[in-house]
>>> print(open('protein-v8.pdb').read())   # PDB, C-alpha atoms
ATOM      1  CA  MET A   1       4.743   0.952 -13.729
ATOM      2  CA  SER A   2       7.913   0.402 -11.836
ATOM      3  CA  THR A   3       9.504   1.344  -8.559
ATOM      4  CA  TRP A   4      13.050   1.038  -7.346
ATOM      5  CA  ASN A   5      13.457   1.013  -3.568
ATOM      6  CA  GLY A   6       9.956   2.445  -3.269
ATOM      7  CA  ILE A   7      10.494   5.350  -5.701
ATOM      8  CA  GLY A   8       8.679   5.403  -9.027
ATOM      9  CA  THR A   9       5.108   5.000 -10.267
ATOM     10  CA  LYS A  10       2.307   2.636  -9.338
ATOM     11  CA  TYR A  11      -1.445   2.273  -9.662
ATOM     12  CA  LEU A  12      -3.494   2.970  -6.534
ATOM     13  CA  GLY A  13      -7.146   3.629  -5.772
ATOM     14  CA  PHE A  14      -8.623   0.775  -7.774
ATOM     15  CA  GLY A  15     -12.361   1.126  -8.229
ATOM     16  CA  ASP A  16     -14.877  -1.697  -8.244
ATOM     17  CA  ARG A  17     -14.822  -4.133 -11.138
ATOM     18  CA  ASN A  18     -16.726  -3.039 -14.254
ATOM     19  CA  ARG A  19     -18.891  -5.452 -16.248
ATOM     20  CA  ASP A  20     -16.066  -6.072 -18.723
ATOM     21  CA  GLY A  21     -13.610  -6.969 -15.918
ATOM     22  CA  SER A  22     -11.732  -3.661 -16.043
ATOM     23  CA  HIS A  23     -11.092  -1.240 -13.168
ATOM     24  CA  HIS A  24     -10.407   2.470 -12.863
ATOM     25  CA  ALA A  25      -7.138   3.288 -11.101
ATOM     26  CA  THR A  26      -4.917   6.333 -10.668
ATOM     27  CA  GLU A  27      -1.238   6.264 -11.588
ATOM     28  CA  TRP A  28       0.794   7.867  -8.789
ATOM     29  CA  PHE A  29       4.355   9.012  -8.343
ATOM     30  CA  VAL A  30       5.394   7.284  -5.111
ATOM     31  CA  LEU A  31       8.204   7.951  -2.671
ATOM     32  CA  PHE A  32       8.946   5.123  -0.219
ATOM     33  CA  ASP A  33       5.795   3.457  -1.643
ATOM     34  CA  LEU A  34       3.656   6.365  -0.363
ATOM     35  CA  PRO A  35       1.610   8.287  -2.967
ATOM     36  CA  VAL A  36       2.915  11.806  -3.538
ATOM     37  CA  VAL A  37       1.503  13.145  -6.840
ATOM     38  CA  PRO A  38      -1.396  11.758  -8.920
ATOM     39  CA  LEU A  39      -0.303  11.606 -12.552
ATOM     40  CA  ARG A  40      -3.279  10.260 -14.522
ATOM     41  CA  ARG A  41      -6.233   7.911 -14.245
ATOM     42  CA  HIS A  42      -6.856   4.896 -16.485
ATOM     43  CA  ARG A  43      -9.483   2.277 -17.130
ATOM     44  CA  LEU A  44      -7.439  -0.891 -17.200
ATOM     45  CA  THR A  45      -7.535  -4.640 -16.873
ATOM     46  CA  VAL A  46      -5.257  -6.139 -14.238
ATOM     47  CA  GLY A  47      -3.424  -9.255 -15.340
ATOM     48  CA  ALA A  48      -1.499 -11.858 -13.438
ATOM     49  CA  ARG A  49       1.573 -11.207 -11.324
ATOM     50  CA  VAL A  50       4.859 -12.551 -12.660
ATOM     51  CA  TYR A  51       7.626 -13.503 -10.213
ATOM     52  CA  ASP A  52      11.238 -13.341 -11.478
ATOM     53  CA  SER A  53      14.423 -14.115  -9.589
ATOM     54  CA  ALA A  54      16.598 -11.021  -9.352
ATOM     55  CA  GLY A  55      19.915 -11.685  -7.615
ATOM     56  CA  ASN A  56      19.169 -12.630  -4.008
ATOM     57  CA  GLY A  57      15.559 -11.487  -4.177
ATOM     58  CA  THR A  58      12.450 -11.729  -6.272
ATOM     59  CA  ARG A  59      11.013  -9.109  -8.592
ATOM     60  CA  VAL A  60       7.208  -9.028  -8.880
ATOM     61  CA  THR A  61       5.661  -7.582 -12.032
ATOM     62  CA  THR A  62       1.931  -7.053 -12.505
ATOM     63  CA  ARG A  63       0.675  -7.015 -16.080
ATOM     64  CA  TYR A  64      -1.846  -4.307 -17.031
ATOM     65  CA  THR A  65      -3.837  -3.661 -20.195
ATOM     66  CA  VAL A  66      -4.681   0.045 -20.408
ATOM     67  CA  HIS A  67      -7.940   0.724 -22.287
ATOM     68  CA  GLU A  68      -8.303   4.493 -21.972
ATOM     69  CA  GLU A  69      -7.250   7.539 -19.982
ATOM     70  CA  THR A  70     -10.003   9.102 -17.878
ATOM     71  CA  PRO A  71     -10.156  12.367 -15.878
ATOM     72  CA  LEU A  72      -8.694  12.444 -12.362
ATOM     73  CA  ARG A  73     -11.281  12.425  -9.551
ATOM     74  CA  GLY A  74     -10.782  14.609  -6.485
ATOM     75  CA  GLY A  75     -12.636  12.263  -4.118
ATOM     76  CA  GLU A  76     -10.545   9.289  -5.195
ATOM     77  CA  ILE A  77      -7.337  11.288  -4.740
ATOM     78  CA  ALA A  78      -8.421  12.494  -1.274
ATOM     79  CA  ARG A  79      -9.368   8.935  -0.247
ATOM     80  CA  THR A  80      -5.977   7.618  -1.400
ATOM     81  CA  TYR A  81      -4.127  10.293   0.577
ATOM     82  CA  LEU A  82      -6.291   9.595   3.641
ATOM     83  CA  VAL A  83      -5.724   5.837   3.562
ATOM     84  CA  TRP A  84      -1.996   5.892   2.768
ATOM     85  CA  TRP A  85      -0.923   8.888   4.882
ATOM     86  CA  LEU A  86      -3.280   8.719   7.888
ATOM     87  CA  VAL A  87      -5.278   5.506   8.341
ATOM     88  CA  GLY A  88      -2.531   3.098   7.241
ATOM     89  CA  PRO A  89       0.175   4.552   9.512
ATOM     90  CA  LEU A  90      -2.259   4.674  12.458
ATOM     91  CA  ILE A  91      -3.118   1.001  11.984
ATOM     92  CA  ALA A  92       0.530   0.049  11.461
ATOM     93  CA  VAL A  93       2.259   1.901  14.305
ATOM     94  CA  GLY A  94      -0.641   2.880  16.564
ATOM     95  CA  PRO A  95      -0.657  -0.230  18.787
ATOM     96  CA  ALA A  96       3.126  -0.161  19.250
ATOM     97  CA  ALA A  97       3.018   3.552  20.072
ATOM     98  CA  LEU A  98       0.267   2.965  22.651
ATOM     99  CA  LEU A  99       2.264   0.126  24.202
ATOM    100  CA  LEU A 100       5.401   2.255  24.474
ATOM    101  CA  TRP A 101       3.403   5.211  25.814
ATOM    102  CA  SER A 102       1.829   3.035  28.515
ATOM    103  CA  LEU A 103       5.290   1.779  29.571
ATOM    104  CA  ARG A 104       7.065   5.157  29.496
ATOM    105  CA  ASP A 105       7.254   5.444  33.306
ATOM    106  CA  LYS A 106       8.483   1.917  33.950
ATOM    107  CA  GLN A 107      12.245   1.737  34.328
ATOM    108  CA  ASP A 108      12.485  -1.985  35.160
ATOM    109  CA  GLY A 109      12.243  -3.256  31.554
ATOM    110  CA  GLY A 110      15.441  -5.072  30.578
ATOM    111  CA  PHE A 111      17.027  -5.658  27.179
ATOM    112  CA  GLY A 112      14.944  -8.796  26.536
ATOM    113  CA  PHE A 113      11.714  -6.939  27.225
ATOM    114  CA  TRP A 114      12.566  -4.133  24.779
ATOM    115  CA  MET A 115      13.641  -6.650  22.127
ATOM    116  CA  PHE A 116      10.235  -8.301  22.558
ATOM    117  CA  VAL A 117       8.477  -4.926  22.142
ATOM    118  CA  LEU A 118      10.564  -4.216  19.022
ATOM    119  CA  PHE A 119       9.800  -7.664  17.560
ATOM    120  CA  VAL A 120       6.051  -7.316  18.188
ATOM    121  CA  SER A 121       6.050  -3.805  16.700
ATOM    122  CA  VAL A 122       7.849  -4.877  13.510
ATOM    123  CA  ALA A 123       5.606  -7.935  13.149
ATOM    124  CA  TRP A 124       2.503  -5.771  13.586
ATOM    125  CA  VAL A 125       3.669  -3.224  10.977
ATOM    126  CA  MET A 126       4.480  -5.912   8.406
ATOM    127  CA  GLY A 127       1.324  -7.864   9.143
ATOM    128  CA  ALA A 128      -0.944  -4.818   8.991
ATOM    129  CA  ALA A 129       0.440  -3.763   5.606
ATOM    130  CA  THR A 130       0.106  -7.288   4.205
ATOM    131  CA  VAL A 131      -3.477  -7.649   5.431
ATOM    132  CA  MET A 132      -4.489  -4.217   4.073
ATOM    133  CA  VAL A 133      -3.115  -4.948   0.601
ATOM    134  CA  ALA A 134      -4.518  -8.498   0.439
ATOM    135  CA  SER A 135      -7.996  -7.500   1.638
ATOM    136  CA  GLY A 136      -8.100  -4.567  -0.791
ATOM    137  CA  ARG A 137      -7.188  -6.819  -3.728
ATOM    138  CA  ARG A 138      -9.754  -9.435  -2.675
ATOM    139  CA  ARG A 139     -12.509  -6.838  -2.147
ATOM    140  CA  ARG A 140     -11.951  -5.335  -5.619
ATOM    141  CA  GLY A 141     -11.751  -8.706  -7.367
ATOM    142  CA  LEU A 142      -8.117  -8.259  -8.442
ATOM    143  CA  PRO A 143      -5.837 -11.237  -9.164
ATOM    144  CA  LYS A 144      -3.743 -12.492  -6.238
TER     145      LYS A 144
END
>>> encode(input="protein-v8.pdb", output="structure tokens")
Amino acid sequence: MSTWNGIGTKYLGFGDRNRDGSHHATEWFVLFDLPVVPLRRHRLTVGARVYDSAGNGTRVTTRYTVHEETPLRGGEIARTYLVWWLVGPLIAVGPAALLLWSLRDKQDGGFGFWMFVLFVSVAWVMGAATVMVASGRRRRGLPK
């Protein structure tokens, strides 16, 4: 699994933990970190994350042990599309869009006000994505 600038492959749609500690997950081709095409489904064990310095940033690698390939599931694919293409964006940009919509008729907002709205919107988007990923990992019993 690897992505470069959000383009590549990644596992999504992790199922609940099996008795042996493994999970079922679907390997997806992603574009801008959004799932586009499901490639295959595996039963795998998720290992620890490894953090490496890469220039001015950090590269995060998650280790996986693939046990077997299993058939793709339509419900799991539909749920992944729903969460990543509809629910996630609504949670991320919905509040900022409602705020801007409610202020559309007000012309007295100065530069400082709009910078504040922009800052709150960006913080909400980043925070919502972080919370969604962290809660999903915790709920499925995946390593941090």
>>> atom_distance(input="protein-v8.pdb", atom1="atom CA of A:Thr45", atom2="atom CA of A:His67")
7.6 Å
>>> resolve_selection(input="protein-v8.pdb", expression="the PyMOL selection byres ((chain A and resi 95) around 12)", output="ChimeraX atom specification")
/A:89-94,96-102,117-118,120-125,128
>>> resolve_selection(input="protein-v8.pdb", expression="the PyMOL selection byres ((chain A and resi 142) around 9)", output="PDB file with C-alpha atoms, keeping the file's coordinate frame")
ATOM      1  CA  ARG A  17     -14.822  -4.133 -11.138  1.00  0.00           C
ATOM      2  CA  HIS A  23     -11.092  -1.240 -13.168  1.00  0.00           C
ATOM      3  CA  VAL A  46      -5.257  -6.139 -14.238  1.00  0.00           C
ATOM      4  CA  GLY A  47      -3.424  -9.255 -15.340  1.00  0.00           C
ATOM      5  CA  GLY A 136      -8.100  -4.567  -0.791  1.00  0.00           C
ATOM      6  CA  ARG A 137      -7.188  -6.819  -3.728  1.00  0.00           C
ATOM      7  CA  ARG A 138      -9.754  -9.435  -2.675  1.00  0.00           C
ATOM      8  CA  ARG A 139     -12.509  -6.838  -2.147  1.00  0.00           C
ATOM      9  CA  ARG A 140     -11.951  -5.335  -5.619  1.00  0.00           C
ATOM     10  CA  GLY A 141     -11.751  -8.706  -7.367  1.00  0.00           C
ATOM     11  CA  PRO A 143      -5.837 -11.237  -9.164  1.00  0.00           C
ATOM     12  CA  LYS A 144      -3.743 -12.492  -6.238  1.00  0.00           C
TER      13      LYS A 144
END
>>> atom_distance(input="protein-v8.pdb", atom1="atom CA of A:Leu72", atom2="atom CA of A:Asp16")
16.0 Å
>>> atom_distance(input="protein-v8.pdb", atom1="atom CA of A:Leu12", atom2="atom CA of A:Glu27")
6.4 Å
>>> resolve_selection(input="protein-v8.pdb", expression="the PyMOL selection byres ((chain A and resi 84) around 12)", output="VMD selection string")
chain A and resid 12 to 13 30 to 36 77 to 83 85 to 92 129 132 to 133
>>> closest_residue(input="protein-v8.pdb", among="A:Ala54, A:Ala48, A:Val37, A:Ala25", to="A:Glu69", atoms="all atoms listed in the file")
A:Ala25
>>> closest_residue(input="protein-v8.pdb", among="A:Pro38, A:Ser22, A:Ala134, A:Arg49", to="A:Glu68", atoms="all atoms listed in the file")
A:Ser22
>>> closest_residue(input="protein-v8.pdb", among="A:Val66, A:Leu44, A:Val60, A:Met115", to="A:Thr3", atoms="all atoms listed in the file")
A:Val60
>>> closest_residue(input="protein-v8.pdb", among="A:Thr9, A:Ser135, A:Thr58, A:Thr65", to="A:Leu39", atoms="only C-alpha atoms")
A:Thr9
>>> closest_residue(input="protein-v8.pdb", among="A:His24, A:Phe29, A:Thr61, A:Arg73", to="A:Ile7", atoms="all atoms listed in the file")
A:Phe29
>>> decode(input="protein-v8.pdb", residues="stretch 3-83 of chain A", atoms="C-alpha atoms", output="mmCIF file, in the first residue's frame")
data_model
loop_
_atom_site.group_PDB
_atom_site.id
_atom_site.type_symbol
_atom_site.label_atom_id
_atom_site.label_comp_id
_atom_site.auth_asym_id
_atom_site.auth_seq_id
_atom_site.Cartn_x
_atom_site.Cartn_y
_atom_site.Cartn_z
ATOM 1 C CA THR A 3 0.060 6.782 -1.884
ATOM 2 C CA TRP A 4 1.873 9.788 -3.231
ATOM 3 C CA ASN A 5 0.058 13.095 -2.775
ATOM 4 C CA GLY A 6 -3.140 11.152 -2.143
ATOM 5 C CA ILE A 7 -2.919 8.971 -5.280
ATOM 6 C CA GLY A 8 -2.294 5.247 -4.962
ATOM 7 C CA THR A 9 -3.746 2.327 -3.009
ATOM 8 C CA LYS A 10 -4.897 1.937 0.572
ATOM 9 C CA TYR A 11 -6.997 -0.344 2.740
ATOM 10 C CA LEU A 12 -10.434 0.948 3.731
ATOM 11 C CA GLY A 13 -13.594 -0.569 5.171
ATOM 12 C CA PHE A 14 -11.997 -2.527 7.990
ATOM 13 C CA GLY A 15 -14.380 -5.030 9.527
ATOM 14 C CA ASP A 16 -14.585 -5.952 13.188
ATOM 15 C CA ARG A 17 -11.700 -7.860 14.721
ATOM 16 C CA ASN A 18 -11.780 -11.641 14.243
ATOM 17 C CA ARG A 19 -10.865 -14.051 17.042
ATOM 18 C CA ASP A 20 -7.319 -14.394 15.701
ATOM 19 C CA GLY A 21 -6.805 -10.594 15.679
ATOM 20 C CA SER A 22 -7.189 -10.223 11.911
ATOM 21 C CA HIS A 23 -9.599 -7.943 10.033
ATOM 22 C CA HIS A 24 -11.211 -7.952 6.609
ATOM 23 C CA ALA A 25 -10.458 -4.845 4.548
ATOM 24 C CA THR A 26 -10.792 -3.785 0.921
ATOM 25 C CA GLU A 27 -7.829 -2.483 -1.056
ATOM 26 C CA TRP A 28 -8.865 0.648 -2.970
ATOM 27 C CA PHE A 29 -7.357 2.788 -5.678
ATOM 28 C CA VAL A 30 -7.585 6.292 -4.203
ATOM 29 C CA LEU A 31 -7.432 9.723 -5.786
ATOM 30 C CA PHE A 32 -6.861 12.616 -3.365
ATOM 31 C CA ASP A 33 -7.292 9.997 -0.594
ATOM 32 C CA LEU A 34 -10.892 9.354 -1.734
ATOM 33 C CA PRO A 35 -11.773 5.769 -2.751
ATOM 34 C CA VAL A 36 -12.394 5.423 -6.480
ATOM 35 C CA VAL A 37 -12.173 1.721 -7.448
ATOM 36 C CA PRO A 38 -12.216 -1.342 -5.153
ATOM 37 C CA LEU A 39 -9.406 -3.667 -6.200
ATOM 38 C CA ARG A 40 -9.582 -6.690 -3.880
ATOM 39 C CA ARG A 41 -10.478 -7.699 -0.344
ATOM 40 C CA HIS A 42 -8.106 -9.351 2.134
ATOM 41 C CA ARG A 43 -8.138 -10.882 5.573
ATOM 42 C CA LEU A 44 -5.140 -9.262 7.186
ATOM 43 C CA THR A 45 -3.471 -8.405 10.451
ATOM 44 C CA VAL A 46 -2.671 -4.740 10.998
ATOM 45 C CA GLY A 47 0.735 -4.085 12.500
ATOM 46 C CA ALA A 48 2.274 -1.023 14.033
ATOM 47 C CA ARG A 49 2.787 2.291 12.275
ATOM 48 C CA VAL A 50 6.373 3.254 11.501
ATOM 49 C CA TYR A 51 7.320 6.943 11.306
ATOM 50 C CA ASP A 52 10.313 7.888 9.109
ATOM 51 C CA SER A 53 11.753 11.325 8.456
ATOM 52 C CA ALA A 54 11.472 12.192 4.777
ATOM 53 C CA GLY A 55 13.026 15.559 3.937
ATOM 54 C CA ASN A 56 11.017 18.245 5.728
ATOM 55 C CA GLY A 57 8.156 15.911 6.580
ATOM 56 C CA THR A 58 7.399 12.523 8.016
ATOM 57 C CA ARG A 59 6.404 9.386 6.148
ATOM 58 C CA VAL A 60 4.023 7.030 7.975
ATOM 59 C CA THR A 61 4.016 3.356 7.012
ATOM 60 C CA THR A 62 1.558 0.813 8.391
ATOM 61 C CA ARG A 63 2.696 -2.801 8.393
ATOM 62 C CA TYR A 64 0.186 -5.438 7.237
ATOM 63 C CA THR A 65 0.303 -9.229 7.172
ATOM 64 C CA VAL A 66 -2.025 -10.507 4.444
ATOM 65 C CA HIS A 67 -3.471 -13.960 5.217
ATOM 66 C CA GLU A 68 -5.808 -14.552 2.280
ATOM 67 C CA GLU A 69 -7.774 -12.871 -0.487
ATOM 68 C CA THR A 70 -11.548 -12.951 -0.039
ATOM 69 C CA PRO A 71 -14.424 -11.968 -2.373
ATOM 70 C CA LEU A 72 -15.453 -8.307 -2.587
ATOM 71 C CA ARG A 73 -18.702 -7.448 -0.772
ATOM 72 C CA GLY A 74 -21.191 -5.050 -2.345
ATOM 73 C CA GLY A 75 -22.525 -3.747 0.981
ATOM 74 C CA GLU A 76 -19.035 -2.955 2.236
ATOM 75 C CA ILE A 77 -18.199 -1.149 -1.011
ATOM 76 C CA ALA A 78 -21.450 0.866 -0.884
ATOM 77 C CA ARG A 79 -20.826 1.789 2.774
ATOM 78 C CA THR A 80 -17.286 2.955 1.956
ATOM 79 C CA TYR A 81 -18.532 5.131 -0.908
ATOM 80 C CA LEU A 82 -21.298 6.548 1.306
ATOM 81 C CA VAL A 83 -18.964 7.443 4.170
#
